[in-house]
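A.B. asks: Input: one structure, supplied below.
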Amino acid sequence: MSVDDNKNILIVEDDERLALLTQEYLQKNGFKVDIEPDGRKAISRIIAEQPSLVILDLMLLGADGFTVCRSVRNDYKGPILMLTARSDDVDQILGLEIGADDYVSKPAKPRVLLARVQSLLRRSTQDVDLSLDLTKAEQNLIFGPLTIDNSRREAWLLEEEVELTSAEFDLLWLLSSNAGRILSREEIFGELRGIEYDGQDRSVDVRISRIRSKIGDDPIHPRRIKTIRSKGYLFVKEV
């Protein structure tokens, strides 16, 4: 299988055997893959090299995964896929709060990891129409001081660009392009991650909390993105 130069992956993992196995599997599926075992060095490499995607372990030499993610997030716009302990919700939530785009629990099944990688790259490299209601959604939505431009994958608040991760923009676009309609967690989860909602995953809730603070919505009494008890989330057209 030929390698797409636009799909180069950096694995930040200090377990040499695991890193090499993951590298081999992804290379067989058409990716160019490099490995960096040192967290401190990974920070400078990610910023300098701007890989298409980063697979980031938490336990690293030099600097842990949280430090790496936090340090590069403002200068690296590509997706970060974090590897977390199998059932550690705290790690998963903290990872999302500091800017990780998705996570996979270790030990990660190769096919699951590949599916998540492909999904993240597909969303970050294409102008994906995430509207559930419209077959041809408008590419530029304006809600008072907030502008959301899907063609450029950017959002602006009072003419200041809103710093959003790729996953946060996808969620904001999904909600705003369905303004006035309640979207359930099941719908959001399936649309954004391509898998069924298990009833426990809090990634959507964490991202919405982050988005609210970034677009000037009151996190305690939100007016723009409302939580509708037992139903889901509602993006309000006029506030």
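All residue names refer to the structure tokens as shown: chains lettered A, B, ... in order, residues numbered from 1 in each chain, ligands numbered from 1 in order.
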Excluding Leu83 of chain A and residues on its chain fewer than 2 positions from it, collect all residues at most 9 Å away from it, counting only C-alpha atoms, and give them as a PyMOL selection string.
C.D. replies: chain A and resi 55-58+65+81+85-86+92+102-108
A.B. asks: Those same residues - N, CA and C atoms - I'd like them written as an mmCIF file, in the first residue's frame.
C.D. replies:
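Contents of the output file again06.cif:
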data_model
loop_
_atom_site.group_PDB
_atom_site.id
_atom_site.type_symbol
_atom_site.label_atom_id
_atom_site.label_comp_id
_atom_site.auth_asym_id
_atom_site.auth_seq_id
_atom_site.Cartn_x
_atom_site.Cartn_y
_atom_site.Cartn_z
ATOM 1 N N ILE A 55 0.108 10.231 18.220
ATOM 2 C CA ILE A 55 -0.370 9.219 19.162
ATOM 3 C C ILE A 55 0.480 9.378 20.414
ATOM 4 N N LEU A 56 -0.159 9.758 21.513
ATOM 5 C CA LEU A 56 0.573 10.205 22.697
ATOM 6 C C LEU A 56 0.264 9.342 23.912
ATOM 7 N N ASP A 57 1.297 8.676 24.429
ATOM 8 C CA ASP A 57 1.147 7.911 25.666
ATOM 9 C C ASP A 57 1.256 8.874 26.851
ATOM 10 N N LEU A 58 0.705 8.465 27.988
ATOM 11 C CA LEU A 58 0.747 9.325 29.170
ATOM 12 C C LEU A 58 2.043 9.184 29.949
ATOM 13 N N GLY A 65 2.615 12.682 29.240
ATOM 14 C CA GLY A 65 1.748 13.006 28.122
ATOM 15 C C GLY A 65 0.910 14.250 28.331
ATOM 16 N N LEU A 81 -4.188 11.916 19.621
ATOM 17 C CA LEU A 81 -4.877 10.717 20.113
ATOM 18 C C LEU A 81 -4.106 10.229 21.328
ATOM 19 N N ALA A 85 -4.979 4.661 30.540
ATOM 20 C CA ALA A 85 -5.238 3.408 31.231
ATOM 21 C C ALA A 85 -6.641 2.932 30.889
ATOM 22 N N ARG A 86 -6.848 1.633 30.930
ATOM 23 C CA ARG A 86 -8.095 1.038 30.437
ATOM 24 C C ARG A 86 -9.344 1.676 31.033
ATOM 25 N N GLN A 92 -8.708 10.240 31.168
ATOM 26 C CA GLN A 92 -9.418 10.526 29.931
ATOM 27 C C GLN A 92 -9.988 11.933 29.945
ATOM 28 N N ASP A 102 -9.025 12.767 21.070
ATOM 29 C CA ASP A 102 -9.679 11.489 21.330
ATOM 30 C C ASP A 102 -8.742 10.666 22.189
ATOM 31 N N TYR A 103 -9.233 9.542 22.666
ATOM 32 C CA TYR A 103 -8.383 8.669 23.465
ATOM 33 C C TYR A 103 -8.723 7.211 23.169
ATOM 34 N N VAL A 104 -7.752 6.368 23.394
ATOM 35 C CA VAL A 104 -7.928 4.919 23.281
ATOM 36 C C VAL A 104 -7.333 4.306 24.531
ATOM 37 N N SER A 105 -8.060 3.398 25.143
ATOM 38 C CA SER A 105 -7.576 2.743 26.354
ATOM 39 C C SER A 105 -6.543 1.676 26.009
ATOM 40 N N LYS A 106 -5.502 1.600 26.822
ATOM 41 C CA LYS A 106 -4.475 0.574 26.642
ATOM 42 C C LYS A 106 -4.862 -0.692 27.408
ATOM 43 N N PRO A 107 -4.478 -1.860 26.902
ATOM 44 C CA PRO A 107 -3.807 -2.065 25.614
ATOM 45 C C PRO A 107 -4.784 -1.907 24.453
ATOM 46 N N ALA A 108 -4.404 -1.094 23.477
ATOM 47 C CA ALA A 108 -5.293 -0.771 22.371
ATOM 48 C C ALA A 108 -5.261 -1.883 21.322
#
A.B. asks: Which neighbours of Ser203 of chain A fall inside 12 Å, counting only C-alpha atoms, when residues of the same chain fewer than 5 positions from it are skipped, and could you give them as a PyMOL selection string?
C.D. replies: chain A and resi 89-97+99-104+167-168+171+185+188-189+192-193+197-198+208-210
A.B. asks: Only N, CA and C atoms, please: the residues just picked out, written as a short mmCIF file (atom, residue, chain, number, x, y, z; two decimals), in the first residue's frame.
C.D. replies:
data_model
loop_
_atom_site.label_atom_id
_atom_site.label_comp_id
_atom_site.auth_asym_id
_atom_site.auth_seq_id
_atom_site.Cartn_x
_atom_site.Cartn_y
_atom_site.Cartn_z
N ASP A 89 -11.01 7.09 34.17
CA ASP A 89 -11.80 8.22 33.69
C ASP A 89 -11.11 9.54 33.94
N VAL A 90 -10.36 9.63 35.03
CA VAL A 90 -9.68 10.88 35.38
C VAL A 90 -8.68 11.24 34.29
N ASP A 91 -7.89 10.27 33.86
CA ASP A 91 -6.92 10.51 32.79
C ASP A 91 -7.62 10.92 31.51
N GLN A 92 -8.71 10.24 31.17
CA GLN A 92 -9.42 10.53 29.93
C GLN A 92 -9.99 11.93 29.95
N ILE A 93 -10.62 12.31 31.04
CA ILE A 93 -11.23 13.63 31.14
C ILE A 93 -10.17 14.72 31.14
N LEU A 94 -9.10 14.53 31.90
CA LEU A 94 -8.04 15.52 31.95
C LEU A 94 -7.41 15.68 30.57
N GLY A 95 -7.21 14.58 29.88
CA GLY A 95 -6.64 14.64 28.54
C GLY A 95 -7.49 15.48 27.60
N LEU A 96 -8.79 15.29 27.64
CA LEU A 96 -9.70 16.07 26.80
C LEU A 96 -9.70 17.54 27.21
N GLU A 97 -9.61 17.79 28.51
CA GLU A 97 -9.66 19.17 29.01
C GLU A 97 -8.44 19.98 28.58
N GLY A 99 -6.84 19.41 25.74
CA GLY A 99 -6.77 19.54 24.29
C GLY A 99 -6.60 18.28 23.48
N ALA A 100 -6.60 17.10 24.09
CA ALA A 100 -6.55 15.88 23.29
C ALA A 100 -7.85 15.75 22.49
N ASP A 101 -7.77 15.20 21.28
CA ASP A 101 -8.94 15.09 20.41
C ASP A 101 -9.71 13.79 20.64
N ASP A 102 -9.02 12.77 21.07
CA ASP A 102 -9.68 11.49 21.33
C ASP A 102 -8.74 10.67 22.19
N TYR A 103 -9.23 9.54 22.67
CA TYR A 103 -8.38 8.67 23.46
C TYR A 103 -8.72 7.21 23.17
N VAL A 104 -7.75 6.37 23.39
CA VAL A 104 -7.93 4.92 23.28
C VAL A 104 -7.33 4.31 24.53
N ALA A 167 -11.40 18.49 17.24
CA ALA A 167 -12.59 17.83 17.77
C ALA A 167 -13.59 18.84 18.32
N GLU A 168 -13.09 19.91 18.94
CA GLU A 168 -13.99 20.94 19.46
C GLU A 168 -14.70 21.66 18.33
N LEU A 171 -17.53 19.48 16.98
CA LEU A 171 -18.69 19.47 17.86
C LEU A 171 -19.45 20.79 17.78
N ARG A 185 -26.96 12.71 23.12
CA ARG A 185 -25.58 12.27 23.21
C ARG A 185 -25.31 11.13 22.23
N ILE A 188 -24.76 12.71 18.80
CA ILE A 188 -23.48 13.42 18.77
C ILE A 188 -22.32 12.43 18.74
N PHE A 189 -22.40 11.46 19.62
CA PHE A 189 -21.32 10.48 19.74
C PHE A 189 -21.13 9.70 18.44
N LEU A 192 -19.70 12.05 15.58
CA LEU A 192 -18.34 12.54 15.73
C LEU A 192 -17.30 11.43 15.87
N ARG A 193 -17.67 10.33 16.50
CA ARG A 193 -16.68 9.28 16.74
C ARG A 193 -16.97 8.00 15.99
N TYR A 197 -22.69 5.22 21.58
CA TYR A 197 -22.50 5.78 22.90
C TYR A 197 -22.73 4.69 23.95
N ASP A 198 -21.79 4.55 24.89
CA ASP A 198 -21.88 3.47 25.88
C ASP A 198 -22.58 3.89 27.16
N ILE A 208 -18.00 20.20 25.45
CA ILE A 208 -19.00 21.26 25.48
C ILE A 208 -18.67 22.27 26.56
N SER A 209 -18.18 21.80 27.70
CA SER A 209 -17.77 22.72 28.77
C SER A 209 -16.64 23.62 28.29
N ARG A 210 -15.69 23.06 27.58
CA ARG A 210 -14.57 23.85 27.05
C ARG A 210 -15.05 24.83 25.99
#
A.B. asks: Got a sec: who's within 12 Å of Leu21 of chain A, counting only C-alpha atoms, leaving out chain neighbours fewer than 6 positions off, as a VMD selection string?
C.D. replies: chain A and resid 11 13 15 27 to 28 33 35 108 to 110
A.B. asks: Okay, now the selection with C-alpha atoms, as a CSV table (one decimal), in the first residue's frame?
C.D. replies:
chain,number,residue,atom,x,y,z
A,11,ILE,CA,4.1,8.0,18.0
A,13,GLU,CA,5.8,6.2,23.4
A,15,ASP,CA,7.8,1.3,25.4
A,27,GLN,CA,2.9,1.5,8.1
A,28,LYS,CA,1.2,-1.6,6.6
A,33,VAL,CA,5.3,6.7,11.1
A,35,ILE,CA,8.7,7.3,17.0
A,108,ALA,CA,-5.3,-0.8,22.4
A,109,LYS,CA,-6.5,-3.3,19.8
A,110,PRO,CA,-4.8,-2.5,16.5
A.B. asks: Suppose you want the space between atom CA of Asp14 of chain A and atom CA of Lys77 of chain A; what is it in Å?
C.D. replies: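 Rounded to one decimal, the two atoms are 23.5 Å apart.
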A.B. asks: Atom CA of Asn150 of chain A to atom CA of Ser176 of chain A: how many Å, to one decimal?
C.D. replies: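 So the answer is 10.6 Å.
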A.B. asks: Restricting the calculation to only C-alpha atoms, which member of A:Thr67, A:Ser119, A:Asn8, A:Thr147 is positioned closest to Glu191 of chain A?
C.D. replies: A:Ser119
A.B. asks: Work out how far atom CA of Val12 of chain A is from atom CA of Trp173 of chain A, in Å to one decimal.
C.D. replies: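 Computed distance, atom CA of Trp173 of chain A to atom CA of Val12 of chain A, equals 29.8 Å.
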A.B. asks: So which bits of segment 133-213 of chain A end up strand (DSSP E or B) when you DSSP the backbone, as a list of chain:residue names?
C.D. replies: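 The residues of segment 133-213 of chain A classed as strand (DSSP E or B) are A:Asn140, A:Leu141, A:Ile142, A:Phe143, A:Leu146, A:Thr147, A:Ile148, A:Asp149, A:Glu154, A:Ala155, A:Trp156, A:Leu157, A:Glu160, A:Glu161, A:Val162, A:Ile182, A:Leu183.
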A.B. asks: Got a sec to tell me which of segment 76-238 of chain A DSSP assigns to alpha helix (DSSP H), as a PyMOL selection string?
C.D. replies: chain A and resi 89-97+110-125+166-176+185-193+203-214
A.B. asks: Would you write out those residues with C-alpha atoms, as a PDB file, in the first residue's frame?
C.D. replies:
ATOM      1  CA  ASP A  89     -11.804   8.216  33.688  1.00  0.00           C
ATOM      2  CA  VAL A  90      -9.684  10.880  35.376  1.00  0.00           C
ATOM      3  CA  ASP A  91      -6.919  10.510  32.792  1.00  0.00           C
ATOM      4  CA  GLN A  92      -9.418  10.526  29.931  1.00  0.00           C
ATOM      5  CA  ILE A  93     -11.231  13.634  31.143  1.00  0.00           C
ATOM      6  CA  LEU A  94      -8.042  15.524  31.950  1.00  0.00           C
ATOM      7  CA  GLY A  95      -6.635  14.643  28.542  1.00  0.00           C
ATOM      8  CA  LEU A  96      -9.698  16.073  26.804  1.00  0.00           C
ATOM      9  CA  GLU A  97      -9.657  19.165  29.009  1.00  0.00           C
ATOM     10  CA  PRO A 110      -4.766  -2.522  16.489  1.00  0.00           C
ATOM     11  CA  ARG A 111      -8.004  -2.295  14.497  1.00  0.00           C
ATOM     12  CA  VAL A 112      -9.574   0.045  17.057  1.00  0.00           C
ATOM     13  CA  LEU A 113      -6.486   2.262  17.020  1.00  0.00           C
ATOM     14  CA  LEU A 114      -6.462   2.314  13.215  1.00  0.00           C
ATOM     15  CA  ALA A 115     -10.158   3.227  13.076  1.00  0.00           C
ATOM     16  CA  ARG A 116      -9.652   6.133  15.484  1.00  0.00           C
ATOM     17  CA  VAL A 117      -6.610   7.356  13.550  1.00  0.00           C
ATOM     18  CA  GLN A 118      -8.481   7.241  10.240  1.00  0.00           C
ATOM     19  CA  SER A 119     -11.489   9.027  11.729  1.00  0.00           C
ATOM     20  CA  LEU A 120      -9.398  11.834  13.212  1.00  0.00           C
ATOM     21  CA  LEU A 121      -7.417  12.339  10.009  1.00  0.00           C
ATOM     22  CA  ARG A 122     -10.549  12.292   7.882  1.00  0.00           C
ATOM     23  CA  ARG A 123     -12.145  15.002  10.006  1.00  0.00           C
ATOM     24  CA  SER A 124      -9.023  17.170  10.144  1.00  0.00           C
ATOM     25  CA  THR A 125      -8.193  17.062   6.407  1.00  0.00           C
ATOM     26  CA  SER A 166     -10.170  19.867  15.664  1.00  0.00           C
ATOM     27  CA  ALA A 167     -12.593  17.833  17.774  1.00  0.00           C
ATOM     28  CA  GLU A 168     -13.990  20.942  19.457  1.00  0.00           C
ATOM     29  CA  PHE A 169     -14.645  22.598  16.114  1.00  0.00           C
ATOM     30  CA  ASP A 170     -16.417  19.483  14.822  1.00  0.00           C
ATOM     31  CA  LEU A 171     -18.691  19.472  17.862  1.00  0.00           C
ATOM     32  CA  LEU A 172     -19.379  23.214  17.642  1.00  0.00           C
ATOM     33  CA  TRP A 173     -20.225  22.910  13.945  1.00  0.00           C
ATOM     34  CA  LEU A 174     -22.485  19.925  14.533  1.00  0.00           C
ATOM     35  CA  LEU A 175     -24.431  21.771  17.223  1.00  0.00           C
ATOM     36  CA  SER A 176     -24.595  25.127  15.434  1.00  0.00           C
ATOM     37  CA  ARG A 185     -25.576  12.268  23.208  1.00  0.00           C
ATOM     38  CA  GLU A 186     -26.146   9.160  21.080  1.00  0.00           C
ATOM     39  CA  GLU A 187     -26.482  11.258  17.931  1.00  0.00           C
ATOM     40  CA  ILE A 188     -23.484  13.420  18.765  1.00  0.00           C
ATOM     41  CA  PHE A 189     -21.318  10.481  19.739  1.00  0.00           C
ATOM     42  CA  GLY A 190     -22.170   8.464  16.648  1.00  0.00           C
ATOM     43  CA  GLU A 191     -21.653  11.397  14.298  1.00  0.00           C
ATOM     44  CA  LEU A 192     -18.335  12.538  15.731  1.00  0.00           C
ATOM     45  CA  ARG A 193     -16.678   9.284  16.736  1.00  0.00           C
ATOM     46  CA  SER A 203     -15.942  13.255  26.230  1.00  0.00           C
ATOM     47  CA  VAL A 204     -18.874  15.172  24.738  1.00  0.00           C
ATOM     48  CA  ASP A 205     -19.679  16.826  28.077  1.00  0.00           C
ATOM     49  CA  VAL A 206     -16.058  17.827  28.619  1.00  0.00           C
ATOM     50  CA  ARG A 207     -15.755  19.336  25.150  1.00  0.00           C
ATOM     51  CA  ILE A 208     -19.002  21.265  25.476  1.00  0.00           C
ATOM     52  CA  SER A 209     -17.772  22.715  28.768  1.00  0.00           C
ATOM     53  CA  ARG A 210     -14.571  23.848  27.046  1.00  0.00           C
ATOM     54  CA  ILE A 211     -16.439  25.260  24.043  1.00  0.00           C
ATOM     55  CA  ARG A 212     -18.808  27.243  26.264  1.00  0.00           C
ATOM     56  CA  SER A 213     -15.949  29.026  27.972  1.00  0.00           C
ATOM     57  CA  LYS A 214     -14.280  29.786  24.640  1.00  0.00           C
TER      58      LYS A 214
END
A.B. asks: Find the residues around Val162 of chain A up to 9 Å (only C-alpha atoms counted), leave out those fewer than 4 positions away in its own chain, and share them as a ChimeraX atom specification.
C.D. replies: /A:154-157,214-215
